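Structure data follow from start-v1.csv (CSV, C-alpha atoms):
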chain,number,residue,atom,x,y,z
D,915,MET,CA,39.3,6.0,78.5
D,916,PRO,CA,37.8,6.9,82.0
D,917,ASN,CA,34.8,8.2,80.1
D,918,ASN,CA,34.2,4.8,78.4
D,919,ASN,CA,34.5,3.1,81.8
D,920,TYR,CA,31.9,5.4,83.3
D,921,LEU,CA,29.6,4.7,80.2
D,922,LEU,CA,30.0,0.9,80.7
D,923,ALA,CA,29.2,1.2,84.4
D,924,PHE,CA,26.1,3.3,83.7
D,925,ARG,CA,25.0,0.8,81.1
D,926,ASP,CA,25.5,-2.1,83.4
D,927,GLU,CA,23.4,-0.3,86.0
D,928,ILE,CA,20.6,0.3,83.5
D,929,ASN,CA,20.7,-3.3,82.4
D,930,ASN,CA,20.3,-4.4,86.0
D,931,ILE,CA,17.3,-2.0,86.4
D,932,ASP,CA,15.8,-3.3,83.2
D,933,GLU,CA,16.1,-6.9,84.4
D,934,ASN,CA,14.4,-5.9,87.7
D,935,ILE,CA,11.6,-4.3,85.7
D,936,VAL,CA,11.1,-7.5,83.8
D,937,GLN,CA,11.1,-9.5,87.0
D,938,LEU,CA,8.5,-7.1,88.6
D,939,LEU,CA,6.3,-7.3,85.5
D,940,ALA,CA,6.4,-11.1,85.7
D,941,LYS,CA,5.5,-10.9,89.4
D,942,ARG,CA,2.7,-8.4,88.5
D,943,LYS,CA,1.3,-10.9,85.9
D,944,ASN,CA,1.2,-13.7,88.5
D,945,LEU,CA,-0.9,-11.4,90.7
D,946,VAL,CA,-3.1,-10.6,87.7
D,947,LEU,CA,-3.8,-14.3,87.2
D,948,LYS,CA,-4.8,-14.7,90.8
D,949,ILE,CA,-7.1,-11.7,90.5
D,950,ALA,CA,-8.6,-13.2,87.3
D,951,LYS,CA,-9.4,-16.5,89.3
D,952,SER,CA,-11.1,-14.5,92.0
D,953,LYS,CA,-13.2,-12.5,89.5
D,954,ILE,CA,-14.3,-15.8,87.7
D,955,LYS,CA,-15.2,-17.3,91.1
D,956,ASN,CA,-17.3,-14.2,92.1
D,957,ASN,CA,-18.8,-13.3,88.7
D,958,GLN,CA,-17.0,-10.0,88.6
D,959,ALA,CA,-16.3,-7.8,85.6
D,960,ILE,CA,-12.8,-8.1,84.1
D,961,ARG,CA,-12.5,-4.3,83.7
D,962,ASP,CA,-12.9,-1.6,86.3
D,963,LYS,CA,-12.4,1.7,84.5
D,964,GLU,CA,-12.9,3.7,87.6
D,965,ARG,CA,-10.1,1.9,89.4
D,966,GLU,CA,-7.9,2.3,86.3
D,967,LYS,CA,-8.5,6.0,86.3
D,968,LYS,CA,-7.6,6.3,90.0
D,969,ILE,CA,-4.4,4.2,89.5
D,970,LEU,CA,-3.2,6.5,86.7
D,971,GLU,CA,-3.9,9.6,88.7
D,972,LYS,CA,-1.9,8.2,91.7
D,973,LEU,CA,1.0,7.2,89.5
D,974,ILE,CA,1.1,10.5,87.6
D,975,LEU,CA,1.4,12.3,91.0
D,976,LEU,CA,4.1,9.9,92.1
D,977,GLY,CA,5.9,10.4,88.7
D,978,LYS,CA,5.9,14.2,89.2
D,979,LYS,CA,7.7,13.6,92.5
D,980,TYR,CA,10.6,12.0,90.6
D,981,TYR,CA,10.4,14.6,87.7
D,982,LEU,CA,8.7,12.1,85.2
D,983,GLU,CA,6.4,13.6,82.6
D,984,PRO,CA,2.6,12.7,83.0
D,985,GLU,CA,2.4,11.7,79.3
D,986,TYR,CA,5.3,9.2,79.8
D,987,ILE,CA,3.6,7.6,82.9
D,988,THR,CA,0.2,7.5,81.2
D,989,ARG,CA,1.6,5.8,78.0
D,990,LEU,CA,3.6,3.3,80.0
D,991,PHE,CA,0.9,2.2,82.4
D,992,LYS,CA,-1.9,2.2,79.9
D,993,LEU,CA,0.1,-0.4,78.0
D,994,ILE,CA,0.6,-2.4,81.2
D,995,ILE,CA,-3.1,-2.2,82.2
D,996,GLU,CA,-4.2,-3.2,78.7
D,997,GLU,CA,-1.9,-6.3,78.9
D,998,SER,CA,-3.4,-7.2,82.3
D,999,VAL,CA,-6.9,-7.0,80.8
D,1000,LEU,CA,-6.0,-9.2,77.9
D,1001,THR,CA,-4.4,-11.7,80.2
D,1002,GLN,CA,-7.5,-11.9,82.3
D,1003,LYS,CA,-9.8,-12.2,79.2
D,1004,GLU,CA,-7.7,-15.1,77.9
D,1005,MET,CA,-7.8,-16.9,81.2
D,1006,LEU,CA,-11.6,-16.4,81.3
D,1007,LYS,CA,-12.0,-18.0,77.8
D,1008,LYS,CA,-9.8,-21.0,78.8
D,1009,PHE,CA,-11.8,-21.5,82.0
D,1010,TYR,CA,-15.2,-21.6,80.3
D,1011,LYS,CA,-13.8,-23.7,77.5
D,1012,ALA,CA,-12.4,-26.2,80.0
D,1013,ASN,CA,-15.6,-26.3,82.0
D,1014,LYS,CA,-17.8,-26.3,78.9
D,1015,SER,CA,-19.7,-23.4,80.3
D,1016,ILE,CA,-21.4,-20.7,78.3
D,1017,LEU,CA,-19.9,-17.3,79.0
D,1018,ASN,CA,-22.9,-14.9,79.5
D,1019,ARG,CA,-21.9,-11.3,79.6
D,1020,VAL,CA,-24.5,-8.8,80.9
D,1021,SER,CA,-24.2,-5.0,80.5
D,1022,PHE,CA,-25.9,-2.3,82.5
D,1023,LEU,CA,-25.6,1.3,83.6
D,1024,GLY,CA,-23.1,1.2,86.5
D,1025,PRO,CA,-21.2,1.3,88.7
D,1026,LYS,CA,-22.2,-1.4,91.2
D,1027,GLY,CA,-25.0,-0.4,93.5
D,1028,SER,CA,-27.1,1.3,90.7
D,1029,TYR,CA,-30.7,0.1,90.2
D,1030,SER,CA,-29.6,-1.2,86.8
D,1031,HIS,CA,-26.9,-3.2,88.4
D,1032,ILE,CA,-29.4,-4.7,90.9
D,1033,ALA,CA,-31.8,-5.6,88.1
D,1034,ALA,CA,-29.0,-7.1,86.0
D,1035,CYS,CA,-27.9,-9.3,88.8
D,1036,LYS,CA,-31.5,-10.4,89.6
D,1037,TYR,CA,-32.0,-11.3,85.9
D,1038,ALA,CA,-28.7,-13.1,85.4
D,1039,ASP,CA,-29.0,-15.0,88.7
D,1040,LYS,CA,-32.3,-16.4,87.6
D,1041,ASN,CA,-31.4,-17.2,84.0
D,1042,PHE,CA,-27.7,-18.1,83.9
D,1043,GLN,CA,-25.5,-20.5,85.8
D,1044,THR,CA,-22.4,-18.3,85.1
D,1045,TYR,CA,-22.1,-14.7,83.9
D,1046,ILE,CA,-19.8,-11.7,83.9
D,1047,LYS,CA,-21.0,-8.2,84.8
D,1048,ASN,CA,-20.1,-5.3,82.5
D,1049,GLU,CA,-20.5,-1.8,84.0
D,1050,CYS,CA,-21.2,1.0,81.5
D,1051,SER,CA,-21.3,4.8,82.0
D,1052,THR,CA,-24.2,5.6,79.7
D,1053,PHE,CA,-27.3,4.0,78.2
D,1054,GLU,CA,-25.8,4.2,74.8
D,1055,GLU,CA,-22.6,2.5,75.9
D,1056,VAL,CA,-24.8,-0.4,77.3
D,1057,ILE,CA,-26.3,-0.9,73.8
D,1058,LEU,CA,-22.9,-0.5,72.0
D,1059,SER,CA,-21.3,-3.1,74.2
D,1060,VAL,CA,-23.7,-5.8,72.9
D,1061,GLU,CA,-23.7,-4.5,69.3
D,1062,GLY,CA,-19.9,-4.6,69.4
D,1063,ASN,CA,-19.9,-8.2,70.8
D,1064,GLN,CA,-18.2,-7.1,74.1
D,1065,SER,CA,-21.4,-8.3,75.9
D,1066,ASP,CA,-24.4,-10.6,75.2
D,1067,TYR,CA,-27.2,-8.9,77.0
D,1068,ALA,CA,-28.2,-5.3,77.7
D,1069,ILE,CA,-30.3,-4.3,80.7
D,1070,LEU,CA,-32.0,-0.9,80.3
D,1071,PRO,CA,-34.7,0.9,82.4
D,1072,ILE,CA,-37.5,2.0,80.1
D,1073,GLU,CA,-40.5,3.0,82.3
D,1074,ASN,CA,-41.2,4.1,85.9
D,1075,THR,CA,-44.6,4.3,87.5
D,1076,CYS,CA,-43.7,7.8,88.9
D,1077,SER,CA,-41.8,9.5,86.1
D,1078,GLY,CA,-43.1,7.6,83.1
D,1079,PHE,CA,-41.1,6.5,80.1
D,1080,ILE,CA,-37.4,7.1,79.8
D,1081,TYR,CA,-37.3,8.9,76.4
D,1082,GLU,CA,-33.5,8.6,76.0
D,1083,VAL,CA,-33.9,4.8,75.9
D,1084,ILE,CA,-36.8,5.0,73.5
D,1085,HIS,CA,-34.7,7.0,71.1
D,1086,LEU,CA,-31.8,4.5,71.4
D,1087,LEU,CA,-34.2,1.7,70.5
D,1088,LYS,CA,-35.0,3.4,67.2
D,1089,LYS,CA,-31.4,3.2,66.2
D,1090,THR,CA,-30.2,-0.1,67.5
D,1091,GLN,CA,-30.4,-3.5,65.7
D,1092,LEU,CA,-30.8,-5.4,69.0
D,1093,PHE,CA,-34.1,-7.1,70.0
D,1094,ILE,CA,-36.1,-6.9,73.2
D,1095,ILE,CA,-36.1,-10.5,74.6
D,1096,GLY,CA,-37.6,-10.0,78.1
D,1097,GLU,CA,-38.3,-7.6,80.8
D,1098,ILE,CA,-37.9,-7.1,84.6
D,1099,ASN,CA,-40.2,-5.2,86.9
D,1100,MET,CA,-38.4,-4.0,90.1
D,1101,ILE,CA,-39.8,-2.2,93.1
D,1102,ILE,CA,-37.7,1.0,93.7
D,1103,ASN,CA,-37.0,2.2,97.2
D,1104,HIS,CA,-35.2,5.6,97.0
D,1105,CYS,CA,-33.2,6.5,100.1
D,1106,LEU,CA,-31.4,9.6,101.2
D,1107,LEU,CA,-27.8,8.5,101.9
D,1108,GLY,CA,-25.0,10.3,103.7
D,1109,VAL,CA,-21.7,9.6,105.4
D,1110,GLU,CA,-23.3,10.2,108.8
D,1111,LYS,CA,-26.7,10.9,110.4
D,1112,ILE,CA,-27.6,14.6,110.4
D,1113,GLN,CA,-30.8,16.6,110.4
D,1114,LEU,CA,-32.3,17.0,106.9
D,1115,GLU,CA,-32.4,20.8,107.3
D,1116,LYS,CA,-28.6,20.8,107.5
D,1117,ILE,CA,-28.2,19.2,104.1
D,1118,LYS,CA,-26.8,21.5,101.4
D,1119,THR,CA,-26.4,19.4,98.2
D,1120,VAL,CA,-28.1,16.2,96.9
D,1121,TYR,CA,-26.6,14.1,94.1
D,1122,SER,CA,-28.3,11.6,91.9
D,1123,HIS,CA,-29.4,10.6,88.4
D,1124,PRO,CA,-32.2,12.8,87.0
D,1125,GLN,CA,-34.8,10.0,87.3
D,1126,PRO,CA,-34.8,9.7,91.1
D,1127,PHE,CA,-35.2,13.4,91.4
D,1128,GLN,CA,-38.4,13.2,89.3
D,1129,GLN,CA,-39.7,10.2,91.2
D,1130,CYS,CA,-39.1,11.9,94.6
D,1131,SER,CA,-40.1,15.4,93.6
D,1132,ASN,CA,-42.8,15.7,96.3
D,1133,PHE,CA,-40.2,15.0,99.0
D,1134,ILE,CA,-37.5,17.2,97.4
D,1135,GLU,CA,-39.8,20.2,97.2
D,1136,LYS,CA,-40.1,20.3,101.0
D,1137,PHE,CA,-36.5,21.4,101.1
D,1138,PRO,CA,-36.1,24.4,98.6
D,1139,GLY,CA,-32.7,25.2,100.0
D,1140,TRP,CA,-31.1,22.0,98.8
D,1141,LYS,CA,-28.8,22.3,95.7
D,1142,ILE,CA,-29.5,19.5,93.1
D,1143,LYS,CA,-26.6,17.9,91.3
D,1144,HIS,CA,-27.2,15.4,88.5
D,1145,THR,CA,-24.9,12.3,88.0
D,1146,LYS,CA,-24.6,9.6,85.4
D,1147,SER,CA,-26.2,7.0,87.8
D,1148,THR,CA,-27.3,6.7,91.4
D,1149,ALA,CA,-24.2,4.6,92.1
D,1150,ASP,CA,-22.0,7.5,90.8
D,1151,ALA,CA,-23.8,9.8,93.3
D,1152,MET,CA,-23.0,7.4,96.1
D,1153,LYS,CA,-19.4,7.2,95.1
D,1154,ILE,CA,-19.2,11.0,95.2
D,1155,ILE,CA,-20.6,11.2,98.7
D,1156,ASP,CA,-18.2,8.5,99.9
D,1157,LYS,CA,-15.3,10.5,98.3
D,1158,TYR,CA,-16.2,13.9,99.7
D,1159,ASN,CA,-16.9,12.6,103.2
D,1160,ASP,CA,-19.0,15.7,103.9
D,1161,ALA,CA,-22.1,15.3,106.0
D,1162,THR,CA,-23.9,18.2,104.2
D,1163,LYS,CA,-23.6,16.3,100.9
D,1164,VAL,CA,-26.0,13.4,100.3
D,1165,ALA,CA,-27.2,11.0,97.5
D,1166,LEU,CA,-30.5,9.6,96.4
D,1167,GLY,CA,-29.9,5.9,95.9
D,1168,SER,CA,-30.7,2.3,96.7
D,1169,GLU,CA,-30.6,0.6,100.1
D,1170,ILE,CA,-28.3,-2.0,98.6
D,1171,GLY,CA,-26.0,0.7,97.4
D,1172,SER,CA,-25.7,2.1,100.9
D,1173,LYS,CA,-24.2,-1.2,102.1
D,1174,ILE,CA,-21.8,-1.3,99.1
D,1175,TYR,CA,-20.5,2.2,99.8
D,1176,GLY,CA,-20.8,2.2,103.6
D,1177,LEU,CA,-23.3,5.1,103.7
D,1178,LYS,CA,-26.0,5.8,106.4
D,1179,ILE,CA,-29.7,5.9,105.5
D,1180,LEU,CA,-31.1,9.3,106.5
D,1181,SER,CA,-34.6,8.7,105.1
D,1182,LYS,CA,-36.2,6.0,103.0
D,1183,ASN,CA,-39.3,5.2,100.8
D,1184,LEU,CA,-39.2,8.7,99.3
D,1185,SER,CA,-41.0,8.1,96.0
D,1186,ASN,CA,-44.1,10.1,95.1
D,1187,ILE,CA,-46.2,6.9,95.2
D,1188,ASN,CA,-46.0,3.9,97.5
D,1189,LYS,CA,-45.5,1.2,94.9
D,1190,ASN,CA,-42.7,2.7,92.7
D,1191,ILE,CA,-41.8,0.2,90.0
D,1192,THR,CA,-39.3,0.5,87.2
D,1193,LYS,CA,-39.6,-1.7,84.2
D,1194,PHE,CA,-36.2,-2.8,82.7
D,1195,ILE,CA,-35.9,-4.4,79.2
D,1196,VAL,CA,-33.5,-7.1,78.2
D,1197,LEU,CA,-31.9,-6.7,74.8
D,1198,GLY,CA,-29.9,-9.3,72.8
D,1199,ARG,CA,-28.4,-9.6,69.3
D,1200,ASN,CA,-31.0,-12.2,68.1
D,1201,PRO,CA,-34.8,-12.3,68.5
D,1202,ILE,CA,-36.0,-14.9,70.9
D,1203,LYS,CA,-37.5,-18.2,69.6
D,1204,PHE,CA,-41.0,-18.9,70.6
D,1205,TYR,CA,-43.9,-21.3,69.8
D,1206,GLU,CA,-46.6,-20.1,67.5
D,1207,ASN,CA,-49.3,-20.8,70.0
D,1208,SER,CA,-47.5,-19.4,73.0
D,1209,GLN,CA,-48.8,-16.3,74.9
D,1210,ASN,CA,-46.5,-13.5,73.6
D,1211,LYS,CA,-46.2,-9.8,73.7
D,1212,THR,CA,-44.9,-7.8,70.8
D,1213,ILE,CA,-43.2,-4.4,70.9
D,1214,LEU,CA,-43.5,-2.1,67.9
D,1215,MET,CA,-42.0,1.2,67.0
D,1216,CYS,CA,-43.4,3.5,64.3
D,1217,SER,CA,-42.6,6.9,62.8
D,1218,ILE,CA,-45.4,9.2,61.7
D,1219,GLU,CA,-45.9,12.7,60.5
D,1220,ASN,CA,-47.0,15.0,63.3
D,1221,LYS,CA,-50.7,14.3,62.7
D,1222,SER,CA,-53.0,13.1,65.4
D,1223,GLU,CA,-55.4,11.4,62.9
D,1224,ILE,CA,-52.7,8.8,62.0
D,1225,LEU,CA,-52.2,8.0,65.7
D,1226,GLU,CA,-55.9,7.5,66.1
D,1227,GLN,CA,-55.9,5.2,63.0
D,1228,VAL,CA,-53.3,3.0,64.6
D,1229,ARG,CA,-55.3,2.8,67.8
D,1230,PHE,CA,-58.5,2.1,65.9
D,1231,LEU,CA,-57.1,-0.8,63.8
D,1232,LEU,CA,-55.7,-2.5,66.9
D,1233,LYS,CA,-59.0,-2.1,68.8
D,1234,LYS,CA,-61.0,-3.3,65.8
D,1235,ARG,CA,-59.0,-6.6,65.7
D,1236,LYS,CA,-59.4,-6.9,69.5
D,1237,ILE,CA,-55.7,-6.8,70.1
D,1238,ILE,CA,-54.8,-5.9,73.7
D,1239,MET,CA,-52.7,-2.8,73.8
D,1240,ASN,CA,-50.8,-2.5,77.1
D,1241,LYS,CA,-49.0,0.8,76.2
D,1242,LEU,CA,-49.0,3.3,73.4
D,1243,ILE,CA,-46.8,6.4,73.8
D,1244,HIS,CA,-45.7,9.0,71.2
D,1245,LEU,CA,-42.9,11.5,71.4
D,1246,LYS,CA,-41.1,14.0,69.1
D,1247,ASP,CA,-38.4,12.6,66.9
D,1248,LYS,CA,-35.2,14.3,68.0
D,1249,LYS,CA,-33.7,14.3,64.4
D,1250,ASN,CA,-36.9,15.5,62.7
D,1251,LEU,CA,-39.3,17.6,64.8
D,1252,SER,CA,-42.1,17.3,62.2
D,1253,LYS,CA,-42.3,13.6,62.9
D,1254,GLU,CA,-43.3,11.6,66.0
D,1255,ILE,CA,-42.2,8.2,67.3
D,1256,ILE,CA,-44.8,5.7,68.5
D,1257,TYR,CA,-43.9,2.9,70.9
D,1258,ILE,CA,-46.6,0.2,71.2
D,1259,ASP,CA,-46.6,-2.7,73.8
D,1260,ILE,CA,-49.1,-5.3,72.5
D,1261,GLU,CA,-50.2,-8.5,74.1
D,1262,GLU,CA,-50.3,-10.7,71.0
D,1263,ASN,CA,-48.1,-13.3,69.2
D,1264,LEU,CA,-46.3,-11.9,66.3
D,1265,SER,CA,-47.0,-15.0,64.2
D,1266,SER,CA,-50.8,-14.8,64.7
D,1267,PRO,CA,-53.0,-14.0,61.6
D,1268,ILE,CA,-54.6,-11.0,63.2
D,1269,MET,CA,-51.2,-9.6,64.2
D,1270,LYS,CA,-49.7,-10.1,60.8
D,1271,ASN,CA,-52.7,-8.3,59.3
D,1272,ALA,CA,-52.4,-5.4,61.8
D,1273,ILE,CA,-48.7,-5.0,61.0
D,1274,GLN,CA,-49.4,-4.8,57.3
D,1275,LYS,CA,-52.0,-2.1,57.9
D,1276,ILE,CA,-49.7,-0.1,60.2
D,1277,LYS,CA,-46.9,-0.2,57.7
D,1278,LYS,CA,-49.2,1.4,55.1
D,1279,ILE,CA,-50.3,4.3,57.2
D,1280,THR,CA,-46.9,5.1,58.9
D,1281,ASN,CA,-43.6,6.3,57.5
D,1282,TYR,CA,-41.6,3.6,59.2
D,1283,MET,CA,-42.3,0.6,61.3
D,1284,LYS,CA,-39.9,-1.6,63.3
D,1285,ILE,CA,-40.5,-4.8,65.4
D,1286,LEU,CA,-38.4,-4.3,68.5
D,1287,GLY,CA,-39.2,-7.7,69.9
D,1288,CYS,CA,-41.6,-10.6,70.5
D,1289,TYR,CA,-41.2,-12.8,73.5
D,1290,PRO,CA,-43.4,-15.1,75.7
D,1291,ILE,CA,-45.2,-13.3,78.5
D,1292,SER,CA,-43.5,-15.8,80.8
D,1293,ASN,CA,-40.3,-13.9,80.0
D,1294,THR,CA,-41.7,-10.9,81.8
D,1295,ASN,CA,-40.5,-11.5,85.3
D,1296,SER,CA,-42.7,-11.0,88.3
D,1297,ILE,CA,-42.0,-8.0,90.4
D,1298,ILE,CA,-38.7,-8.2,92.3
D,1299,LYS,CA,-37.6,-6.3,95.3

Target format C-alpha cells, applied to this file:
Amino acid sequence: MPNNNYLLAFRDEINNIDENIVQLLAKRKNLVLKIAKSKIKNNQAIRDKEREKKILEKLILLGKKYYLEPEYITRLFKLIIEESVLTQKEMLKKFYKANKSILNRVSFLGPKGSYSHIAACKYADKNFQTYIKNECSTFEEVILSVEGNQSDYAILPIENTCSGFIYEVIHLLKKTQLFIIGEINMIINHCLLGVEKIQLEKIKTVYSHPQPFQQCSNFIEKFPGWKIKHTKSTADAMKIIDKYNDATKVALGSEIGSKIYGLKILSKNLSNINKNITKFIVLGRNPIKFYENSQNKTILMCSIENKSEILEQVRFLLKKRKIIMNKLIHLKDKKNLSKEIIYIDIEENLSSPIMKNAIQKIKKITNYMKILGCYPISNTNSIIK
C-alpha cells in the first residue's frame, strides 16, 4: 500500500506541474498577442526565422543541462512557436478586416539591412498605406513566397551598373508564373563595416554577397591579403561581423545596415564607378492593368538555338519597326547548353499594333517566347538613395 501512496503523491505533483505549464502557456500567449500588436503598428514581419533558430539552440543547451534530449526540446518548442505564429497571423487578419485595410505583403532577400530590404521599404512606403515585410533567405524563396500566396509582391535585384545583370534572377524569371509590374532604381553605396575602427591593412577577412565583391573589385584588389567569404546577403554578412565581434573581420554592406547592426564605417563609396545603381523589379501574381494609349515598357524573354543569326533577326525586326529597345541580353540556358535565353526590355505598349506584329514575328523565329510584364513607364520609380 505504501507504494500506491507514493504513486498517488507523484501523480499529484505531476498534475500540479502540468497545470503550471498550462498557466505559463496562457501567459506566453498573452505576450504573443502584445508582440503581434507591436508588429502591426511597426509594419514588422510576423516570422523571424533567425530568432527562432537562436531560441531553439539556447533551449537545447538548457535542456542538456537537465538531461533532456535535443529531439524532445526541438519537437516541443517547434510546436509552441508554430502556435505563436498562427496566433499572430489570425490577429493580423482580424485587425485588417476590422479596419477595412488591404494587407499588402512584400517579400525580399533579407535579413533587414540588405539592399533588397531597403528597396522593398522604399517601394512599399510609396505605394501602400499598410504592409508587412517578409524576409527570405534566397532569390528563389522570394518568388516562391508570392507563388505560394504567403506574400503579394516580390522585390528582386536584376541589374547593376557595375556588375551587369544578375543571371540567377534571369533564370528564375524563365520558370515563374509571376509578372513584372514595376521597377525601382536605387543608388548603392557600399561601405566597409566593422565592430571598431582599425587600419585596413590589419583586416583579415571580408564577408558579403558575391555582387558587392564584383562591384567593388577595384578596391578589393588593393588588399590581396584579405580572405573573401561569400554570404547569402549583405545583411547576413553584417550579422556575422556583429556575432564574431572580431575587429579583423569586416563586411561589405549598406550605411543603413551599419546603423541596424551597430557597426562602424571603416570606408565608404567603394564601388568601381561613382554612380553605382541597382535596378530592382517588382513581381506580382497578376499582370498590371494599363490604358492602351499609355506610355509602357514591355519585358520579353525568348529561347533560341545557339545561333547568332537568330539573335540578329530579333534585333533587326525590332529596329525595322522603330521599337525602342532599352536592353537586350543573352545567356546560356542552364538546363540546355545548346540554347540561349534572350531578355529584352522594350519601350512600347504591349497592345500597340506594331508591338503585336513584332511579337508574332519573334514567336515564329524563336523556340519559346514569354511576356514577363508590361507596365506604365510611370511605374519605373526615379532613382532613390

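The two atoms in question, atom CA of Ile960 of chain D and atom CA of Ser1028 of chain D, are spaced 18.3 Å apart.
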
Q: Record the distance separating atom CA of Asp1156 of chain D and atom CA of Thr1119 of chain D, expressed in Å with one decimal.
A: 13.7 Å

Q: Can you work out which one of D:Lys968, D:His1144, D:Lys1241, D:Arg942 has the shortest atom-to-atom distance to Phe1079 of chain D, counting all atoms listed in the file?
A: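 Smallest separation from Phe1079 of chain D among the options: D:Lys1241.
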
Mind dumping a table of every segment 1152-1248 of chain D residue within 9 Å of segment 1049-1067 of chain D, with the nearest atom pair and its distance in Å to one decimal, using only C-alpha atoms, sorted by chain and rising number, as a tab-separated table?
residue	atom	partner	partner_atom	distance
D:Val1196	CA	D:Tyr1067	CA	6.7
D:Leu1197	CA	D:Tyr1067	CA	5.6
D:Gly1198	CA	D:Tyr1067	CA	5.0
D:Arg1199	CA	D:Glu1061	CA	6.9

Q | Minimum-distance residue to Glu996 of chain D, chosen among D:Lys972, D:Lys1036, D:Lys943, D:Lys1118 (using only C-alpha atoms) | A |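 Of all the options, D:Lys943 lies closest to Glu996 of chain D.
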
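Atom CA of Lys1270 of chain D lies 25.8 Å from atom CA of Ile1072 of chain D.
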
Q | Surrounding residues of Glu997 of chain D excluding itself and chain neighbours under 6 positions, 10 Å, only C-alpha atoms, as an MDAnalysis selection string | A | chainID D and resid 943 946 991 1003

Please write the residues from the selection above to a file, keeping C-alpha atoms, as a CSV table (one decimal), keeping the file's coordinate frame.
chain,number,residue,atom,x,y,z
D,943,LYS,CA,1.3,-10.9,85.9
D,946,VAL,CA,-3.1,-10.6,87.7
D,991,PHE,CA,0.9,2.2,82.4
D,1003,LYS,CA,-9.8,-12.2,79.2

Q. Near Trp1140 of chain D, counting all atoms listed in the file, which residues have an atom at most 12 Å away, once you skip same-chain residues fewer than 3 positions from it, shown as a PyMOL selection string?
A. chain D and resi 1114-1121+1133-1137+1143+1162-1165

Based on the selection just made, write C-alpha atoms of those residues as a PDB file, in the frame of the given file.
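Result file part.pdb:
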ATOM      1  CA  LEU D1114     -32.300  17.000 106.900  1.00  0.00           C
ATOM      2  CA  GLU D1115     -32.400  20.800 107.300  1.00  0.00           C
ATOM      3  CA  LYS D1116     -28.600  20.800 107.500  1.00  0.00           C
ATOM      4  CA  ILE D1117     -28.200  19.200 104.100  1.00  0.00           C
ATOM      5  CA  LYS D1118     -26.800  21.500 101.400  1.00  0.00           C
ATOM      6  CA  THR D1119     -26.400  19.400  98.200  1.00  0.00           C
ATOM      7  CA  VAL D1120     -28.100  16.200  96.900  1.00  0.00           C
ATOM      8  CA  TYR D1121     -26.600  14.100  94.100  1.00  0.00           C
ATOM      9  CA  PHE D1133     -40.200  15.000  99.000  1.00  0.00           C
ATOM     10  CA  ILE D1134     -37.500  17.200  97.400  1.00  0.00           C
ATOM     11  CA  GLU D1135     -39.800  20.200  97.200  1.00  0.00           C
ATOM     12  CA  LYS D1136     -40.100  20.300 101.000  1.00  0.00           C
ATOM     13  CA  PHE D1137     -36.500  21.400 101.100  1.00  0.00           C
ATOM     14  CA  LYS D1143     -26.600  17.900  91.300  1.00  0.00           C
ATOM     15  CA  THR D1162     -23.900  18.200 104.200  1.00  0.00           C
ATOM     16  CA  LYS D1163     -23.600  16.300 100.900  1.00  0.00           C
ATOM     17  CA  VAL D1164     -26.000  13.400 100.300  1.00  0.00           C
ATOM     18  CA  ALA D1165     -27.200  11.000  97.500  1.00  0.00           C
TER      19      ALA D1165
END

Q: Can you work out which one of D:Tyr986, D:Thr1001, D:Leu993, D:Leu921 has the shortest atom-to-atom distance to Leu947 of chain D, counting all atoms listed in the file?
A: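 Using all atoms listed in the file, the shortest distance to Leu947 of chain D belongs to D:Thr1001.
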
Q: Up to 9 Å from (-23.1, 4.0, 92.8) in the file's coordinates: name the residues, counting all atoms listed in the file, as a VMD selection string.
A: chain D and resid 1024 to 1029 1147 to 1154 1167 to 1168 1171 to 1172 1174 to 1175

Q: Identify the residues around (-33.7, -8.8, 76.7) within a radius of 10 Å, measuring from all atoms listed in the file in the coordinates stated by the file, and give them as a PyMOL selection string.
A: chain D and resi 1037+1066-1070+1092-1098+1194-1202+1287+1289+1293-1294
